Amino acid sequence: MTPSIMLSRFWKSLITTGIHARLSLLEEQRIRLLNAINFFTIFLQLFLLLLGLLLGDYKLVSIMCATVCCLNLPLYGLIRSLRHQFAFGYAYCVAHAILLVVPLTNELYFHDADDSEIALIGLAVLGIVLFDKYIQLLAVVFNLAFFFIIRFFIKAPARDFAFHDYYSLIINVLVCYSFIYVCVSFAKFIFRQYQALLVEKNEQLLKQSIELQEVDRLKNQLFAVISHDLRSPLYNLQTTIKLLNEG
């Protein structure tokens with residue numbers, strides 16, 4: 001077996017962890033997405049862990065170890081045990097908690113730049129994809145609350161807060177979140193329509209298959225009746241012709 005085939009089988013087994021026959025097509029794709037994100041973030045965290053060891057930054061090493069132990073490994077276990085709905089909520093909440101704790105523990109990475117806000121916007125997209133209806137809206141509001149908590153109360157002290165200083169930021173963030181929400185929700189709506197169309201086509205094919213089986217059964221029954229009705233006359237005719245040939 002070649003290494004490429006082994007790698008392909010490993011990736012397939014990893015990405016399909018937690019998928020079973022009772023899931024809908026949308027749920028299957030969500031689990032595949034979460035498995036892929038979990039897999040790649042583990043590689044990223046291992047890289048940052050090695051980087052922290054080389055630079056002697058033990059805070060970064062501690063953060064990466066805690067992330068793997070508190071997020072990636074439990075998430076894989078939940079998906080593997082077929083608790084995907086709980087896994088979605090767990091991953092979403094713990095990821096937010098990590099992004100809230102990191103600015104408090106290490107100002108070097110989330111102080112001057114807007115890295116935490118970028119990560120939170122990415123989590124907002126993930127929440128819209130993973131959840132539906134009211135839970136989806138609640139996830140976006142939850143994410144937006146974390147965004148402003150980090151921006152206003154962690155990066156900027158409360159005593160320095162002035163609404164006119166952050167007016168453009170608030171407007172831009174709300175526009176950005178609204179745009180993401182509408183676009184991703186519309187994409188999910190199209191996917192559901194496509195899924196409904198596939199289900200309808202499958203039902204039509206199943207109905208046609210049943211009808212064809214019924215037609216085939218009637219055909220076999222008809223041929224059986226015809227062969228039975230023709231057997232005796234043909235036998236009599238064959239006997240008569242034989243007698244005539246014998247004189």
# chains A, B, ... in the order shown; residues from 1 in each chain; ligands from 1

$ closest_atom_pairs --of "stretch 5-45 of chain A" --to "stretch 171-195 of chain A" --cutoff "12 Å" --atoms "only C-alpha atoms" --output "JSON lines"
{"residue": "A:Ser24", "atom": "CA", "partner": "A:Gln195", "partner_atom": "CA", "distance": 9.2}
{"residue": "A:Leu25", "atom": "CA", "partner": "A:Gln195", "partner_atom": "CA", "distance": 7.4}
{"residue": "A:Leu26", "atom": "CA", "partner": "A:Arg192", "partner_atom": "CA", "distance": 7.8}
{"residue": "A:Glu27", "atom": "CA", "partner": "A:Arg192", "partner_atom": "CA", "distance": 11.2}
{"residue": "A:Gln29", "atom": "CA", "partner": "A:Phe191", "partner_atom": "CA", "distance": 10.8}
{"residue": "A:Arg30", "atom": "CA", "partner": "A:Lys188", "partner_atom": "CA", "distance": 11.3}

$ atom_distance --atom1 "atom CA of A:Val101" --atom2 "atom CA of A:Asn72"
16.8 Å
